[in-house]
>>> print(open('entry.cif').read())   # mmCIF, C-alpha atoms
data_data
#
loop_
_atom_site.group_PDB
_atom_site.id
_atom_site.type_symbol
_atom_site.label_atom_id
_atom_site.label_comp_id
_atom_site.auth_asym_id
_atom_site.auth_seq_id
_atom_site.Cartn_x
_atom_site.Cartn_y
_atom_site.Cartn_z
ATOM 1 C CA MET A 6 -73.260 -17.380 -68.862
ATOM 2 C CA GLY A 7 -71.660 -17.130 -72.313
ATOM 3 C CA ASP A 8 -71.682 -14.119 -74.588
ATOM 4 C CA ILE A 9 -75.102 -12.702 -75.248
ATOM 5 C CA THR A 10 -76.158 -11.304 -78.614
ATOM 6 C CA PRO A 11 -75.615 -7.529 -78.520
ATOM 7 C CA VAL A 12 -78.928 -5.919 -79.366
ATOM 8 C CA THR A 13 -80.023 -2.367 -78.737
ATOM 9 C CA ASP A 14 -82.938 -1.833 -81.129
ATOM 10 C CA HIS A 15 -85.165 -4.803 -80.260
ATOM 11 C CA SER A 16 -88.860 -4.180 -79.536
ATOM 12 C CA ILE A 17 -88.022 -4.971 -75.914
ATOM 13 C CA ALA A 18 -85.790 -1.867 -75.839
ATOM 14 C CA GLU A 19 -88.843 0.148 -76.821
ATOM 15 C CA HIS A 20 -90.811 -1.621 -74.085
ATOM 16 C CA LEU A 21 -88.128 -0.667 -71.560
ATOM 17 C CA ARG A 22 -88.456 3.006 -72.449
ATOM 18 C CA HIS A 23 -92.157 2.796 -71.619
ATOM 19 C CA VAL A 24 -91.703 1.362 -68.127
ATOM 20 C CA PRO A 25 -91.602 4.609 -66.108
ATOM 21 C CA HIS A 26 -89.354 3.294 -63.334
ATOM 22 C CA ALA A 27 -86.960 1.576 -65.770
ATOM 23 C CA ALA A 28 -86.669 4.852 -67.686
ATOM 24 C CA ALA A 29 -86.184 6.778 -64.426
ATOM 25 C CA LEU A 30 -83.285 4.475 -63.494
ATOM 26 C CA GLY A 31 -81.784 5.007 -66.960
ATOM 27 C CA MET A 32 -81.916 1.333 -67.992
ATOM 28 C CA GLN A 33 -80.747 0.666 -71.571
ATOM 29 C CA LEU A 34 -80.993 -2.623 -73.452
ATOM 30 C CA ALA A 35 -77.496 -3.876 -74.345
ATOM 31 C CA GLY A 36 -78.169 -7.460 -75.400
ATOM 32 C CA TYR A 37 -81.133 -9.724 -75.977
ATOM 33 C CA GLU A 38 -82.072 -13.188 -77.098
ATOM 34 C CA ASP A 39 -85.120 -15.245 -76.164
ATOM 35 C CA GLY A 40 -84.522 -16.323 -72.564
ATOM 36 C CA ARG A 41 -81.649 -13.894 -71.880
ATOM 37 C CA ALA A 42 -81.298 -10.148 -71.439
ATOM 38 C CA LEU A 43 -78.455 -7.701 -70.762
ATOM 39 C CA VAL A 44 -79.032 -4.145 -69.556
ATOM 40 C CA ARG A 45 -76.695 -1.218 -68.947
ATOM 41 C CA VAL A 46 -77.411 1.355 -66.240
ATOM 42 C CA PRO A 47 -75.215 4.449 -66.667
ATOM 43 C CA TYR A 48 -73.833 5.804 -63.395
ATOM 44 C CA ALA A 49 -75.976 8.723 -62.200
ATOM 45 C CA GLU A 50 -75.973 10.903 -59.102
ATOM 46 C CA HIS A 51 -79.613 10.165 -58.232
ATOM 47 C CA LEU A 52 -78.784 6.456 -57.810
ATOM 48 C CA VAL A 53 -76.246 7.066 -55.038
ATOM 49 C CA GLY A 54 -76.868 5.426 -51.672
ATOM 50 C CA ASP A 55 -73.770 6.619 -49.834
ATOM 51 C CA PRO A 56 -72.900 10.252 -50.560
ATOM 52 C CA ASP A 57 -69.534 9.837 -48.772
ATOM 53 C CA THR A 58 -68.289 7.316 -51.318
ATOM 54 C CA GLY A 59 -70.594 7.821 -54.325
ATOM 55 C CA VAL A 60 -71.477 4.105 -54.313
ATOM 56 C CA ILE A 61 -74.930 3.398 -55.755
ATOM 57 C CA HIS A 62 -77.711 2.201 -53.443
ATOM 58 C CA GLY A 63 -78.422 -1.514 -53.053
ATOM 59 C CA GLY A 64 -82.026 -0.752 -53.926
ATOM 60 C CA VAL A 65 -80.946 0.205 -57.441
ATOM 61 C CA LEU A 66 -79.536 -3.298 -57.866
ATOM 62 C CA THR A 67 -82.784 -4.740 -56.502
ATOM 63 C CA ALA A 68 -84.880 -2.829 -59.022
ATOM 64 C CA VAL A 69 -82.619 -3.564 -61.983
ATOM 65 C CA LEU A 70 -82.122 -7.269 -61.153
ATOM 66 C CA ASP A 71 -85.908 -7.634 -60.828
ATOM 67 C CA ASN A 72 -86.562 -5.892 -64.135
ATOM 68 C CA VAL A 73 -83.861 -7.645 -66.190
ATOM 69 C CA SER A 74 -84.856 -11.028 -64.724
ATOM 70 C CA GLY A 75 -88.400 -10.420 -65.959
ATOM 71 C CA MET A 76 -87.064 -9.525 -69.404
ATOM 72 C CA ALA A 77 -85.241 -12.878 -69.531
ATOM 73 C CA VAL A 78 -88.482 -14.868 -69.272
ATOM 74 C CA PRO A 79 -88.691 -16.450 -72.762
ATOM 75 C CA ARG A 80 -91.458 -15.013 -74.879
ATOM 76 C CA ALA A 81 -91.260 -16.997 -78.119
ATOM 77 C CA SER A 82 -92.819 -20.174 -76.724
ATOM 78 C CA LEU A 83 -95.458 -18.408 -74.618
ATOM 79 C CA SER A 84 -98.996 -17.433 -75.516
ATOM 80 C CA GLU A 85 -100.057 -13.800 -75.282
ATOM 81 C CA ALA A 86 -101.911 -14.547 -72.002
ATOM 82 C CA GLN A 87 -98.875 -16.295 -70.495
ATOM 83 C CA ARG A 88 -96.649 -13.326 -71.252
ATOM 84 C CA ALA A 89 -98.254 -11.349 -68.432
ATOM 85 C CA ILE A 90 -95.799 -12.194 -65.670
ATOM 86 C CA ALA A 91 -95.560 -11.341 -61.988
ATOM 87 C CA THR A 92 -92.517 -11.653 -59.743
ATOM 88 C CA LEU A 93 -93.152 -14.196 -56.976
ATOM 89 C CA ASP A 94 -89.847 -13.795 -55.220
ATOM 90 C CA LEU A 95 -86.367 -12.424 -55.663
ATOM 91 C CA ARG A 96 -83.301 -13.212 -53.566
ATOM 92 C CA ILE A 97 -80.145 -11.173 -53.959
ATOM 93 C CA ASP A 98 -76.607 -11.799 -52.705
ATOM 94 C CA TYR A 99 -74.431 -8.693 -52.487
ATOM 95 C CA MET A 100 -70.850 -9.831 -53.040
ATOM 96 C CA ARG A 101 -68.874 -6.610 -53.301
ATOM 97 C CA PRO A 102 -69.581 -2.872 -53.380
ATOM 98 C CA ALA A 103 -70.039 -1.329 -56.813
ATOM 99 C CA LYS A 104 -67.313 1.088 -57.857
ATOM 100 C CA PRO A 105 -68.560 4.680 -58.058
ATOM 101 C CA HIS A 106 -68.745 6.534 -61.395
ATOM 102 C CA GLU A 107 -68.942 3.321 -63.410
ATOM 103 C CA ASP A 108 -71.856 1.913 -65.385
ATOM 104 C CA LEU A 109 -73.672 -1.097 -64.035
ATOM 105 C CA MET A 110 -74.294 -4.151 -66.228
ATOM 106 C CA VAL A 111 -76.987 -6.689 -65.374
ATOM 107 C CA GLU A 112 -77.391 -9.968 -67.241
ATOM 108 C CA ALA A 113 -80.211 -12.447 -66.653
ATOM 109 C CA GLU A 114 -80.956 -15.932 -67.937
ATOM 110 C CA CYS A 115 -84.041 -18.105 -67.623
ATOM 111 C CA TYR A 116 -82.761 -21.569 -66.688
ATOM 112 C CA GLN A 117 -86.047 -23.392 -66.261
ATOM 113 C CA LEU A 118 -89.520 -22.838 -67.631
ATOM 114 C CA THR A 119 -92.627 -24.776 -66.665
ATOM 115 C CA ARG A 120 -96.205 -24.145 -67.788
ATOM 116 C CA ALA A 121 -96.793 -21.807 -64.847
ATOM 117 C CA ILE A 122 -93.390 -20.678 -63.591
ATOM 118 C CA ALA A 123 -90.135 -19.229 -64.947
ATOM 119 C CA PHE A 124 -86.900 -19.587 -62.935
ATOM 120 C CA VAL A 125 -84.348 -16.876 -63.653
ATOM 121 C CA ARG A 126 -80.849 -16.148 -62.406
ATOM 122 C CA ALA A 127 -79.053 -12.863 -62.869
ATOM 123 C CA ARG A 128 -75.750 -11.187 -62.079
ATOM 124 C CA ALA A 129 -74.631 -7.592 -61.861
ATOM 125 C CA TYR A 130 -71.104 -6.465 -62.716
ATOM 126 C CA GLN A 131 -69.215 -3.463 -64.018
ATOM 127 C CA ALA A 132 -67.474 -2.975 -67.335
ATOM 128 C CA SER A 133 -64.012 -2.657 -65.752
ATOM 129 C CA ASP A 134 -64.299 -5.849 -63.744
ATOM 130 C CA ASP A 135 -66.154 -9.007 -64.733
ATOM 131 C CA ARG A 136 -66.464 -10.235 -61.133
ATOM 132 C CA ALA A 137 -70.064 -10.130 -59.896
ATOM 133 C CA ILE A 138 -71.044 -7.376 -57.480
ATOM 134 C CA ALA A 139 -74.399 -9.082 -56.913
ATOM 135 C CA SER A 140 -76.259 -12.161 -58.079
ATOM 136 C CA SER A 141 -79.888 -13.138 -57.789
ATOM 137 C CA VAL A 142 -82.450 -15.854 -58.334
ATOM 138 C CA ALA A 143 -86.089 -15.050 -59.053
ATOM 139 C CA THR A 144 -89.273 -16.896 -59.860
ATOM 140 C CA PHE A 145 -92.043 -15.497 -62.027
ATOM 141 C CA MET A 146 -95.631 -16.615 -62.424
ATOM 142 C CA LEU A 147 -96.765 -16.811 -66.037
ATOM 143 C CA GLY A 148 -100.241 -15.681 -67.101
ATOM 144 C CA ALA A 149 -100.418 -13.550 -63.984
ATOM 145 C CA ASN A 150 -103.362 -11.391 -64.966
ATOM 146 C CA ARG A 151 -105.622 -14.279 -65.902
ATOM 147 C CA ALA A 152 -108.494 -14.819 -63.440
ATOM 148 C CA ALA A 153 -106.726 -12.766 -60.790
ATOM 149 C CA PRO A 154 -109.367 -10.948 -58.748
ATOM 150 C CA PRO A 155 -108.520 -7.352 -57.876
ATOM 151 C CA GLY A 156 -106.033 -7.165 -55.033
ATOM 152 C CA PHE A 157 -104.851 -10.736 -55.467
ATOM 153 C CA GLY A 158 -102.265 -10.209 -58.185
ATOM 154 C CA ALA A 159 -98.645 -10.826 -57.228
ATOM 155 C CA GLY A 160 -95.966 -8.166 -57.351
ATOM 156 C CA GLU A 161 -95.390 -6.609 -60.723
ATOM 157 C CA GLY A 162 -91.735 -6.942 -61.442
ATOM 158 C CA ALA A 163 -91.275 -6.354 -65.089
ATOM 159 C CA SER A 164 -94.382 -7.458 -66.911
ATOM 160 C CA MET B 19 -68.163 8.482 -41.527
ATOM 161 C CA LYS B 20 -69.270 11.919 -42.628
ATOM 162 C CA LEU B 21 -72.864 11.070 -43.558
ATOM 163 C CA LEU B 22 -73.775 9.663 -40.140
ATOM 164 C CA SER B 23 -71.795 12.201 -38.107
ATOM 165 C CA GLU B 24 -73.578 15.046 -39.906
ATOM 166 C CA VAL B 25 -76.986 13.813 -38.768
ATOM 167 C CA ARG B 26 -76.009 12.772 -35.248
ATOM 168 C CA GLY B 27 -77.606 15.060 -32.664
ATOM 169 C CA ASP B 28 -76.144 16.369 -29.413
ATOM 170 C CA ASP B 29 -77.756 13.378 -27.662
ATOM 171 C CA GLU B 30 -75.742 11.062 -29.958
ATOM 172 C CA ARG B 31 -78.922 9.848 -31.676
ATOM 173 C CA LEU B 32 -79.213 9.846 -35.466
ATOM 174 C CA ASP B 33 -81.777 12.170 -37.044
ATOM 175 C CA LEU B 34 -83.246 9.610 -39.461
ATOM 176 C CA SER B 35 -85.364 12.115 -41.416
ATOM 177 C CA ALA B 36 -82.306 14.275 -42.011
ATOM 178 C CA LEU B 37 -80.347 11.186 -43.045
ATOM 179 C CA VAL B 38 -82.906 10.226 -45.690
ATOM 180 C CA THR B 39 -82.771 13.694 -47.265
ATOM 181 C CA ARG B 40 -79.012 13.227 -47.771
ATOM 182 C CA ILE B 41 -79.264 9.927 -49.632
ATOM 183 C CA PRO B 42 -79.882 10.700 -53.307
ATOM 184 C CA TYR B 43 -81.556 7.385 -54.120
ATOM 185 C CA ALA B 44 -83.977 7.773 -51.168
ATOM 186 C CA GLN B 45 -84.884 11.206 -52.521
ATOM 187 C CA PHE B 46 -85.353 9.722 -55.994
ATOM 188 C CA LEU B 47 -87.829 7.186 -54.562
ATOM 189 C CA GLY B 48 -89.429 9.940 -52.463
ATOM 190 C CA VAL B 49 -89.101 7.974 -49.203
ATOM 191 C CA ARG B 50 -89.570 9.629 -45.808
ATOM 192 C CA VAL B 51 -89.303 8.422 -42.219
ATOM 193 C CA GLU B 52 -92.102 8.681 -39.644
ATOM 194 C CA GLU B 53 -91.280 8.011 -35.999
ATOM 195 C CA ARG B 54 -93.994 7.357 -33.404
ATOM 196 C CA GLY B 55 -92.492 6.497 -30.048
ATOM 197 C CA ASN B 56 -90.142 3.624 -30.720
ATOM 198 C CA GLU B 57 -91.911 2.603 -33.951
ATOM 199 C CA ILE B 58 -90.466 3.608 -37.280
ATOM 200 C CA THR B 59 -92.516 3.567 -40.471
ATOM 201 C CA LEU B 60 -91.087 4.370 -43.872
ATOM 202 C CA VAL B 61 -93.499 6.031 -46.272
ATOM 203 C CA MET B 62 -93.136 5.998 -50.058
ATOM 204 C CA PRO B 63 -95.821 8.315 -51.493
ATOM 205 C CA PHE B 64 -96.992 7.461 -54.996
ATOM 206 C CA LYS B 65 -95.412 9.133 -57.969
ATOM 207 C CA GLU B 66 -95.436 8.326 -61.664
ATOM 208 C CA SER B 67 -91.762 7.334 -61.861
ATOM 209 C CA LEU B 68 -92.374 4.396 -59.488
ATOM 210 C CA ILE B 69 -94.659 2.661 -61.998
ATOM 211 C CA GLY B 70 -93.501 -0.638 -63.510
ATOM 212 C CA ASN B 71 -96.648 -1.626 -65.366
ATOM 213 C CA VAL B 72 -98.623 1.159 -67.018
ATOM 214 C CA MET B 73 -101.477 -1.161 -68.041
ATOM 215 C CA LEU B 74 -102.596 -2.267 -64.571
ATOM 216 C CA PRO B 75 -101.173 0.174 -63.323
ATOM 217 C CA ALA B 76 -98.798 -1.236 -60.713
ATOM 218 C CA LEU B 77 -95.704 -0.098 -58.874
ATOM 219 C CA HIS B 78 -92.400 -1.483 -60.143
ATOM 220 C CA GLY B 79 -91.491 -4.488 -57.977
ATOM 221 C CA GLY B 80 -88.002 -3.087 -57.655
ATOM 222 C CA THR B 81 -89.253 0.054 -55.919
ATOM 223 C CA ILE B 82 -91.009 -2.115 -53.328
ATOM 224 C CA GLY B 83 -87.888 -4.242 -52.887
ATOM 225 C CA ALA B 84 -85.752 -1.138 -52.488
ATOM 226 C CA LEU B 85 -88.174 0.284 -49.912
ATOM 227 C CA LEU B 86 -88.032 -2.970 -47.906
ATOM 228 C CA GLU B 87 -84.248 -3.029 -47.906
ATOM 229 C CA PHE B 88 -84.027 0.650 -47.052
ATOM 230 C CA THR B 89 -86.459 0.170 -44.146
ATOM 231 C CA ALA B 90 -84.284 -2.628 -42.764
ATOM 232 C CA VAL B 91 -81.211 -0.385 -42.832
ATOM 233 C CA ILE B 92 -83.049 2.500 -41.145
ATOM 234 C CA GLN B 93 -84.302 0.178 -38.379
ATOM 235 C CA LEU B 94 -80.745 -1.048 -37.775
ATOM 236 C CA LEU B 95 -79.456 2.523 -37.641
ATOM 237 C CA ALA B 96 -82.184 3.467 -35.149
ATOM 238 C CA GLU B 97 -81.662 0.516 -32.846
ATOM 239 C CA SER B 98 -77.915 0.144 -32.859
ATOM 240 C CA GLN B 99 -76.739 3.710 -33.629
ATOM 241 C CA PRO B 100 -73.622 2.415 -35.437
ATOM 242 C CA SER B 101 -70.689 4.490 -36.668
ATOM 243 C CA SER B 102 -71.140 3.402 -40.292
ATOM 244 C CA LEU B 103 -73.920 2.217 -42.609
ATOM 245 C CA PRO B 104 -74.738 -1.510 -42.331
ATOM 246 C CA LYS B 105 -73.834 -3.430 -45.501
ATOM 247 C CA THR B 106 -76.386 -5.752 -47.077
ATOM 248 C CA ILE B 107 -75.121 -9.336 -47.334
ATOM 249 C CA ASP B 108 -78.288 -10.776 -48.837
ATOM 250 C CA PHE B 109 -81.915 -9.816 -49.165
ATOM 251 C CA ALA B 110 -84.950 -11.871 -50.195
ATOM 252 C CA ILE B 111 -88.308 -10.471 -51.241
ATOM 253 C CA ASP B 112 -91.662 -12.226 -51.503
ATOM 254 C CA TYR B 113 -94.152 -10.331 -53.638
ATOM 255 C CA LEU B 114 -97.626 -10.934 -52.266
ATOM 256 C CA ARG B 115 -99.912 -8.477 -54.040
ATOM 257 C CA SER B 116 -99.449 -5.984 -56.819
ATOM 258 C CA GLY B 117 -98.556 -2.492 -55.638
ATOM 259 C CA ARG B 118 -101.350 -0.101 -56.492
ATOM 260 C CA PRO B 119 -100.580 3.506 -57.465
ATOM 261 C CA GLU B 120 -100.844 4.840 -53.925
ATOM 262 C CA ALA B 121 -98.655 5.350 -50.845
ATOM 263 C CA THR B 122 -96.701 2.349 -49.576
ATOM 264 C CA TYR B 123 -95.595 1.853 -45.964
ATOM 265 C CA ALA B 124 -92.948 -0.430 -44.494
ATOM 266 C CA ARG B 125 -91.813 -1.502 -41.068
ATOM 267 C CA ALA B 126 -88.917 -3.697 -39.999
ATOM 268 C CA THR B 127 -88.200 -5.988 -37.059
ATOM 269 C CA ILE B 128 -84.715 -7.053 -36.073
ATOM 270 C CA ALA B 129 -85.012 -10.811 -35.599
ATOM 271 C CA LYS B 130 -81.429 -11.270 -34.451
ATOM 272 C CA HIS B 131 -78.828 -8.649 -33.690
ATOM 273 C CA GLY B 132 -75.476 -10.363 -33.420
ATOM 274 C CA ARG B 133 -72.119 -8.766 -32.909
ATOM 275 C CA ARG B 134 -71.248 -8.710 -36.604
ATOM 276 C CA VAL B 135 -74.403 -9.740 -38.455
ATOM 277 C CA ALA B 136 -78.062 -8.840 -38.036
ATOM 278 C CA ASN B 137 -81.132 -10.578 -39.464
ATOM 279 C CA VAL B 138 -83.948 -8.159 -40.283
ATOM 280 C CA GLN B 139 -87.514 -8.895 -41.397
ATOM 281 C CA VAL B 140 -89.607 -6.289 -43.182
ATOM 282 C CA GLU B 141 -93.181 -5.944 -44.380
ATOM 283 C CA ALA B 142 -94.733 -3.446 -46.798
ATOM 284 C CA TRP B 143 -98.405 -2.616 -47.127
ATOM 285 C CA GLN B 144 -100.681 0.021 -48.623
ATOM 286 C CA SER B 145 -104.147 1.014 -47.411
ATOM 287 C CA VAL B 146 -104.709 -2.116 -45.300
ATOM 288 C CA ARG B 147 -102.004 -3.064 -42.802
ATOM 289 C CA SER B 148 -103.209 -6.691 -42.592
ATOM 290 C CA LYS B 149 -102.833 -7.159 -46.361
ATOM 291 C CA PRO B 150 -99.084 -6.820 -46.987
ATOM 292 C CA ILE B 151 -98.021 -6.323 -50.604
ATOM 293 C CA ALA B 152 -94.535 -7.703 -49.974
ATOM 294 C CA SER B 153 -92.338 -9.086 -47.242
ATOM 295 C CA GLY B 154 -88.589 -9.380 -47.080
ATOM 296 C CA HIS B 155 -85.754 -10.570 -44.913
ATOM 297 C CA GLY B 156 -82.050 -10.071 -45.120
ATOM 298 C CA HIS B 157 -78.692 -10.238 -43.424
ATOM 299 C CA PHE B 158 -76.630 -7.131 -42.803
ATOM 300 C CA MET B 159 -72.987 -6.782 -41.846
ATOM 301 C CA LEU B 160 -72.419 -4.455 -38.916
ATOM 302 C CA LYS B 161 -69.136 -2.704 -38.311
ATOM 303 C CA GLU B 162 -67.571 -4.072 -35.158
ATOM 304 C CA SER B 163 -67.309 -1.282 -32.664
#
>>> encode(input="entry.cif", output="structure tokens")
Amino acid sequence: MGDITPVTDHSIAEHLRHVPHAAALGMQLAGYEDGRALVRVPYAEHLVGDPDTGVIHGGVLTAVLDNVSGMAVPRASLSEAQRAIATLDLRIDYMRPAKPHEDLMVEAECYQLTRAIAFVRARAYQASDDRAIASSVATFMLGANRAAPPGFGAGEGAS
Amino acid sequence: MKLLSEVRGDDERLDLSALVTRIPYAQFLGVRVEERGNEITLVMPFKESLIGNVMLPALHGGTIGALLEFTAVIQLLAESQPSSLPKTIDFAIDYLRSGRPEATYARATIAKHGRRVANVQVEAWQSVRSKPIASGHGHFMLKES
């Protein structure tokens, strides 16, 4: 992925502040363009998974990769109804442990969009080292809330 | 490893509930362990900070994914009593239904426990066990003993 436009005051940043779990994780928008998103997660004690080393929990990566991938689903070409998205699946490869006391960066890019589905890949890294600590692929259903009877909606990743 | 040795009882078995209280991220999610015989269920009671969609409302998919992965690790710790935490190699989540603002449960099955790598399958549900909200499977690296 090439350089992404640094943006911090986009309407999507405002949106992020209103997703309770994204706010609880401390997610901050760092870059945005239609079809791509970059988020920073400042290191915080409550994200730790291994108190012996201070390394953040893999579940934090799961939550952030899911959320940023959803943010990378292009909005400009979609109708209002299509913009309601649901995560169908998410697969994550954990390549190396994150270094403790360093911010996490997660960048996602939508690489294919059909009428019903968005395909998104993402990678997580840290500011001091560009090598990926984790990468993921996810698929999202577009227009997820339309005609979905109660209890039949798919998982809500980031819509 | 300090974390595991601190929660290992005189009978050499890990106290999983005590372990969970020492992992900050598990506390942040509010996860607890329930053991019934040899069955382990992880419980994630609802709280506002787990919400991902305020309109529906629905749990954040990431919290469900994290619960699944955490459940897999706890099951591995219970069954193999290792000297260090298993490391996730990969994990895949299928989201089946939206997570309603209520308690979520998860249980894991070890499909294959090799010498170095284990394959674990996990399912999460809410009020109805037969209607899972998500399923997951992953590979974990085990420390050779």
>>> residues_around(input="entry.cif", residues="His62 (chain A)", least_positions_apart="5", cutoff="8 Å", atoms="all atoms listed in the file", output="ChimeraX atom specification")
/A:52-55 /B:43
>>> write_last_selection(input="entry.cif", atoms="C-alpha atoms", output="PDB file, in the frame of the given file")
ATOM      1  CA  LEU A  52     -78.784   6.456 -57.810  1.00  0.00           C
ATOM      2  CA  VAL A  53     -76.246   7.066 -55.038  1.00  0.00           C
ATOM      3  CA  GLY A  54     -76.868   5.426 -51.672  1.00  0.00           C
ATOM      4  CA  ASP A  55     -73.770   6.619 -49.834  1.00  0.00           C
TER       5      ASP A  55
ATOM      6  CA  TYR B  43     -81.556   7.385 -54.120  1.00  0.00           C
TER       7      TYR B  43
END
>>> resolve_selection(input="entry.cif", expression="the PyMOL selection byres ((chain B) within 9 of (chain A))", output="VMD selection string")
chain B and resid 19 to 21 40 to 46 66 to 72 76 to 88 103 105 to 118 151 to 152
>>> residues_around(input="entry.cif", residues="His15 (chain A)", least_positions_apart="6", cutoff="9 Å", atoms="only C-alpha atoms", output="PyMOL selection string")
chain A and resi 34+36-37
>>> resolve_selection(input="entry.cif", expression="the PyMOL selection byres ((chain A and resi 130-133) around 9)", output="list in words")
Ala103, Lys104, Glu107, Asp108, Leu109, Met110, Val111, Glu112, Arg128, Ala129, Asp134, Asp135, Arg136, Ala137, Ile138, Ala139 and Ser140 of chain A
>>> resolve_selection(input="entry.cif", expression="the PyMOL selection byres ((chain B and resi 138) around 6)", output="ChimeraX atom specification")
/B:127-129,137,139,155-156
>>> closest_residue(input="entry.cif", among="B:Ser153, B:Ser148, B:Ser102, B:Thr59", to="Ala124 (chain B)", atoms="all atoms listed in the file")
B:Thr59
>>> residues_near_point(input="entry.cif", point="(-82.0, 8.9, -44.2)", cutoff="9 Å", atoms="only C-alpha atoms", output="VMD selection string")
chain B and resid 25 33 to 41 44 49 to 51 88 92
